[in-house]
Amino acid sequence: MFRSKTLVLAGAIVLLLAFAGSGCGGSSKKSSESTTTQTTNTGNGASITAPASIASAGKLVFCSDITYPPEESYKEGTTTPEGSDIDIGNYIAEKMGVKARFDNTGFDGIIAALLAKKCDAVISGMNDTPERRKQVAFVDYLKVGQSFMVKKGNPENITGIDSLAGKSASVETGTTNKDFLDAQSKRLTSQGKKAIKVVTFPKDTDAANALRTGRVDAYFGDAPVVAYYIEKTPEAFSLGGTPVNPISIGIAINKSNTELQSAVTKAIDMMYSDGTMDTILTRWKLAGAVAKLK
């Protein structure tokens with residue numbers, strides 16, 4: 001849906017909540033705005049023609065739910081965003097000869113914000129789904145699966161969907177992860193098994209913290225995010241089974257803005273061909289957690 005930060009292991013999730021909480025929390029909140037500097041330096045400068053409105057403004061504005069490390073979150077103790085999606089967004093903007101700005105936007109209202117033209121595009125680890133394509137266009141850049149994070153030692157023996165029958169799992173609201181769990185819960189009940197209790201939270205860090213505090217039996221999120229949480233807090237969390245439901249993630253753009261779609265597609269192609277995508281995935285320790293498209 002993408003990131004490594006330096007956090008104290010014992011309180012990783014708590015710290016993430018502390019500085020991410022200043023931003024999003026649902027579509028009813030006003031989005032906070034943060035300007036980030038270029039983090040991916042290719043040395044090539046502008047090489048893609050930006051749409052006139054973006055060129056004249058001198059900036060490419062992304063809506064992003066900046067509570068989703070390692071793809072997008074705030075540097076510890078600051079309002080400066082960082083992560084793999086931030087690096088990708090910066091690269092795209094640089095290739096157009098402008099700066100990138102990332103406006104913190106609750107995920108459940110992020111497409112609405114794009115349609116209202118509060119930003120030029122969405123980069124937020126967003127799955128490219130047929131339902132979302134009814135509203136927006138996508139330029140895909142990676143493919144990820146989803147994983148279960150459980151308490152250290154996996155006391156509930158959660159190894160996949162079927163083992164969640166009768167148990168609870170936390171997830172961020174408005175995500176395809178929630179949709180997937182809901183669908184799987186219906187499948188289980190149709191087979192005479194107990195449903196999954198799907199517990200939603202407005203921020204992904206809240207969903208992860210619910211596992212830490214014992215409110216749920218498992219947390220369900222994108223595989224790179226699960227890997228990040230486990231890496232930062234290995235004494236608290238473990239992986240429950242193997243990733244499931246691999247799906248492409250993409251940058252969402254208004255359907256009518258074909259010029260920007262073309263420019264972003266060119267930038268992603270360049271990112272793959274010049275090795276920058278590999279550099280970003282290595283930097284944020286995602287090489288083993290995602291699949292490249294090219």
# chains A, B, ... in the order shown; residues from 1 in each chain; ligands from 1
call {"tool": "residues_around", "arguments": {"residues": "region 260-274 of chain A", "least_positions_apart": "2", "cutoff": "9 Å", "atoms": "only C-alpha atoms", "output": "ChimeraX atom specification"}}
result
/A:42,47-51,88,91-93,95-96,120-121,137-141,251-255,257-258,276-278,292-294
call {"tool": "select_by_dssp", "arguments": {"residues": "region 82-277 of chain A", "states": "strand (DSSP E or B)", "output": "ChimeraX atom specification"}}
result
/A:82,99-104,121-122,127,136-151,168-172,197-201,218-222,237-254
call {"tool": "residues_around", "arguments": {"residues": "Ala210 (chain A)", "least_positions_apart": "4", "cutoff": "10 Å", "atoms": "only C-alpha atoms", "output": "PyMOL selection string"}}
result
chain A and resi 13+169-171+199-201+204-206+214-219
call {"tool": "select_by_dssp", "arguments": {"residues": "region 66-219 of chain A", "states": "helix (DSSP H, G or I)", "output": "PyMOL selection string"}}
result
chain A and resi 84-95+107-115+130-133+162-164+176-190+204-212
call {"tool": "write_last_selection", "arguments": {"atoms": "C-alpha atoms", "output": "mmCIF file, in the first residue's frame"}}
result
data_model
loop_
_atom_site.group_PDB
_atom_site.id
_atom_site.type_symbol
_atom_site.label_atom_id
_atom_site.label_comp_id
_atom_site.auth_asym_id
_atom_site.auth_seq_id
_atom_site.Cartn_x
_atom_site.Cartn_y
_atom_site.Cartn_z
ATOM 1 C CA SER A 84 9.629 4.451 0.111
ATOM 2 C CA ASP A 85 6.542 6.175 -1.284
ATOM 3 C CA ILE A 86 8.009 9.543 -0.304
ATOM 4 C CA ASP A 87 11.211 8.735 -2.195
ATOM 5 C CA ILE A 88 9.204 7.601 -5.212
ATOM 6 C CA GLY A 89 7.094 10.756 -5.158
ATOM 7 C CA ASN A 90 10.181 12.930 -4.875
ATOM 8 C CA TYR A 91 11.777 11.166 -7.830
ATOM 9 C CA ILE A 92 8.699 11.686 -9.999
ATOM 10 C CA ALA A 93 8.556 15.383 -9.099
ATOM 11 C CA GLU A 94 12.280 15.831 -9.751
ATOM 12 C CA LYS A 95 11.918 14.318 -13.224
ATOM 13 C CA PHE A 107 -7.003 6.922 3.970
ATOM 14 C CA ASP A 108 -10.774 6.529 4.093
ATOM 15 C CA GLY A 109 -11.148 9.978 2.505
ATOM 16 C CA ILE A 110 -8.111 10.003 0.270
ATOM 17 C CA ILE A 111 -9.831 9.285 -3.066
ATOM 18 C CA ALA A 112 -12.476 11.880 -2.270
ATOM 19 C CA ALA A 113 -9.690 14.409 -1.665
ATOM 20 C CA LEU A 114 -8.172 13.590 -5.061
ATOM 21 C CA LEU A 115 -11.527 13.889 -6.824
ATOM 22 C CA PRO A 130 -11.459 -2.676 -10.133
ATOM 23 C CA GLU A 131 -13.700 -0.856 -7.653
ATOM 24 C CA ARG A 132 -11.259 2.026 -7.257
ATOM 25 C CA ARG A 133 -10.678 2.186 -11.012
ATOM 26 C CA ASP A 162 -8.803 -20.354 8.258
ATOM 27 C CA SER A 163 -7.000 -20.282 11.606
ATOM 28 C CA LEU A 164 -8.593 -16.875 12.283
ATOM 29 C CA THR A 176 -8.651 -3.480 0.704
ATOM 30 C CA ASN A 177 -7.180 -5.408 3.648
ATOM 31 C CA LYS A 178 -10.463 -4.901 5.494
ATOM 32 C CA ASP A 179 -12.481 -5.843 2.402
ATOM 33 C CA PHE A 180 -10.448 -9.028 2.043
ATOM 34 C CA LEU A 181 -10.961 -10.035 5.688
ATOM 35 C CA ASP A 182 -14.694 -9.333 5.459
ATOM 36 C CA ALA A 183 -14.977 -11.531 2.372
ATOM 37 C CA GLN A 184 -12.961 -14.317 3.973
ATOM 38 C CA SER A 185 -15.082 -14.137 7.115
ATOM 39 C CA LYS A 186 -18.221 -14.650 5.013
ATOM 40 C CA ARG A 187 -16.561 -17.608 3.329
ATOM 41 C CA LEU A 188 -15.805 -19.180 6.697
ATOM 42 C CA THR A 189 -19.354 -18.755 7.962
ATOM 43 C CA SER A 190 -20.744 -20.233 4.733
ATOM 44 C CA ASP A 204 -2.719 1.773 10.677
ATOM 45 C CA THR A 205 -0.478 2.441 13.663
ATOM 46 C CA ASP A 206 -3.561 2.208 15.897
ATOM 47 C CA ALA A 207 -4.447 -1.136 14.338
ATOM 48 C CA ALA A 208 -0.932 -2.444 14.983
ATOM 49 C CA ASN A 209 -0.921 -1.124 18.538
ATOM 50 C CA ALA A 210 -4.194 -2.973 19.230
ATOM 51 C CA LEU A 211 -2.272 -6.241 18.881
ATOM 52 C CA ARG A 212 0.450 -5.034 21.205
#
call {"tool": "residues_around", "arguments": {"residues": "Asn245 (chain A)", "least_positions_apart": "4", "cutoff": "9 Å", "atoms": "only C-alpha atoms", "output": "PyMOL selection string"}}
result
chain A and resi 144-147+180
call {"tool": "closest_residue", "arguments": {"among": "A:Cys63, A:Phe220, A:Asp128, A:Phe237", "to": "Ala116 (chain A)", "atoms": "only C-alpha atoms"}}
result
A:Cys63
call {"tool": "atom_distance", "arguments": {"atom1": "CA of Glu231 (chain A)", "atom2": "CA of Thr213 (chain A)"}}
result
18.0 Å
call {"tool": "residues_around", "arguments": {"residues": "Lys59 (chain A)", "least_positions_apart": "3", "cutoff": "6 Å", "atoms": "only C-alpha atoms", "output": "list in words"}}
result
Ile54, Val98, Lys99 and Ala100 of chain A
call {"tool": "decode", "arguments": {"residues": "region 190-204 of chain A", "atoms": "all heavy atoms", "output": "CSV table (one decimal), in the first residue's frame"}}
result
chain,number,residue,atom,x,y,z
A,190,SER,N,-20.0,-19.4,5.7
A,190,SER,CA,-20.7,-20.2,4.7
A,190,SER,C,-20.3,-21.7,4.8
A,190,SER,O,-21.1,-22.6,4.4
A,190,SER,CB,-20.5,-19.7,3.3
A,190,SER,OG,-19.2,-20.0,2.9
A,191,GLN,N,-19.2,-22.0,5.4
A,191,GLN,CA,-18.7,-23.3,5.6
A,191,GLN,C,-19.0,-23.9,7.0
A,191,GLN,O,-18.5,-24.9,7.3
A,191,GLN,CB,-17.2,-23.4,5.3
A,191,GLN,CG,-16.8,-23.0,3.9
A,191,GLN,CD,-15.3,-22.9,3.7
A,191,GLN,OE1,-14.5,-22.9,4.7
A,191,GLN,NE2,-14.8,-22.8,2.5
A,192,GLY,N,-19.8,-23.1,7.7
A,192,GLY,CA,-20.2,-23.5,9.0
A,192,GLY,C,-19.2,-23.2,10.1
A,192,GLY,O,-19.3,-23.7,11.2
A,193,LYS,N,-18.2,-22.4,9.8
A,193,LYS,CA,-17.1,-22.0,10.8
A,193,LYS,C,-17.5,-20.7,11.4
A,193,LYS,O,-18.3,-20.0,10.9
A,193,LYS,CB,-15.8,-22.0,10.1
A,193,LYS,CG,-15.3,-23.3,9.5
A,193,LYS,CD,-14.0,-23.2,8.8
A,193,LYS,CE,-13.6,-24.5,8.1
A,193,LYS,NZ,-12.3,-24.4,7.4
A,194,LYS,N,-16.8,-20.3,12.4
A,194,LYS,CA,-17.0,-19.1,13.1
A,194,LYS,C,-16.5,-17.9,12.3
A,194,LYS,O,-15.5,-18.1,11.5
A,194,LYS,CB,-16.3,-19.1,14.5
A,194,LYS,CG,-17.0,-20.0,15.5
A,194,LYS,CD,-16.3,-19.9,16.8
A,194,LYS,CE,-17.0,-20.8,17.9
A,194,LYS,NZ,-16.3,-20.7,19.2
A,195,ALA,N,-17.1,-16.8,12.4
A,195,ALA,CA,-16.6,-15.6,11.6
A,195,ALA,C,-15.4,-15.0,12.2
A,195,ALA,O,-15.0,-15.3,13.4
A,195,ALA,CB,-17.7,-14.5,11.7
A,196,ILE,N,-14.7,-14.2,11.4
A,196,ILE,CA,-13.5,-13.4,11.9
A,196,ILE,C,-14.1,-12.1,12.5
A,196,ILE,O,-14.9,-11.4,11.8
A,196,ILE,CB,-12.5,-13.1,10.8
A,196,ILE,CG1,-12.0,-14.4,10.2
A,196,ILE,CG2,-11.4,-12.2,11.3
A,196,ILE,CD1,-11.3,-14.2,8.9
A,197,LYS,N,-13.7,-11.7,13.7
A,197,LYS,CA,-14.1,-10.4,14.2
A,197,LYS,C,-13.1,-9.4,13.7
A,197,LYS,O,-11.9,-9.3,14.1
A,197,LYS,CB,-14.1,-10.4,15.7
A,197,LYS,CG,-14.5,-9.1,16.3
A,197,LYS,CD,-14.5,-9.1,17.8
A,197,LYS,CE,-14.9,-7.8,18.4
A,197,LYS,NZ,-14.8,-7.7,19.9
A,198,VAL,N,-13.5,-8.6,12.7
A,198,VAL,CA,-12.7,-7.6,12.0
A,198,VAL,C,-12.8,-6.3,12.8
A,198,VAL,O,-13.9,-5.7,12.8
A,198,VAL,CB,-13.1,-7.4,10.6
A,198,VAL,CG1,-12.1,-6.4,9.9
A,198,VAL,CG2,-13.0,-8.8,9.8
A,199,VAL,N,-11.8,-5.8,13.4
A,199,VAL,CA,-11.8,-4.6,14.2
A,199,VAL,C,-11.0,-3.5,13.5
A,199,VAL,O,-9.8,-3.7,13.1
A,199,VAL,CB,-11.1,-4.9,15.6
A,199,VAL,CG1,-11.2,-3.6,16.5
A,199,VAL,CG2,-11.7,-6.1,16.3
A,200,THR,N,-11.7,-2.4,13.2
A,200,THR,CA,-11.1,-1.4,12.3
A,200,THR,C,-10.6,-0.2,13.2
A,200,THR,O,-11.2,0.1,14.2
A,200,THR,CB,-12.1,-0.9,11.3
A,200,THR,OG1,-13.3,-0.3,12.0
A,200,THR,CG2,-12.6,-2.0,10.4
A,201,PHE,N,-9.6,0.5,12.6
A,201,PHE,CA,-9.0,1.7,13.2
A,201,PHE,C,-8.8,2.7,12.2
A,201,PHE,O,-8.5,2.4,11.0
A,201,PHE,CB,-7.7,1.3,14.0
A,201,PHE,CG,-7.9,0.4,15.1
A,201,PHE,CD1,-7.9,-1.0,15.0
A,201,PHE,CD2,-8.1,1.0,16.4
A,201,PHE,CE1,-8.1,-1.8,16.1
A,201,PHE,CE2,-8.3,0.1,17.5
A,201,PHE,CZ,-8.3,-1.2,17.3
A,202,PRO,N,-8.9,4.0,12.5
A,202,PRO,CA,-8.7,5.1,11.5
A,202,PRO,C,-7.2,5.2,11.0
A,202,PRO,O,-7.0,5.7,9.9
A,202,PRO,CB,-9.1,6.3,12.2
A,202,PRO,CG,-9.0,6.0,13.6
A,202,PRO,CD,-9.3,4.6,13.8
A,203,LYS,N,-6.3,4.7,11.8
A,203,LYS,CA,-4.9,4.8,11.4
A,203,LYS,C,-4.3,3.4,11.6
A,203,LYS,O,-4.6,2.6,12.5
A,203,LYS,CB,-4.1,5.8,12.3
A,203,LYS,CG,-4.5,7.2,12.1
A,203,LYS,CD,-3.6,8.2,12.9
A,203,LYS,CE,-4.0,8.1,14.4
A,203,LYS,NZ,-3.3,9.2,15.2
A,204,ASP,N,-3.3,3.1,10.7
A,204,ASP,CA,-2.7,1.8,10.7
A,204,ASP,C,-1.9,1.6,11.9
A,204,ASP,O,-1.9,0.4,12.5
A,204,ASP,CB,-1.8,1.6,9.4
A,204,ASP,CG,-1.3,0.2,9.3
A,204,ASP,OD1,-2.1,-0.7,9.0
A,204,ASP,OD2,-0.1,-0.1,9.6
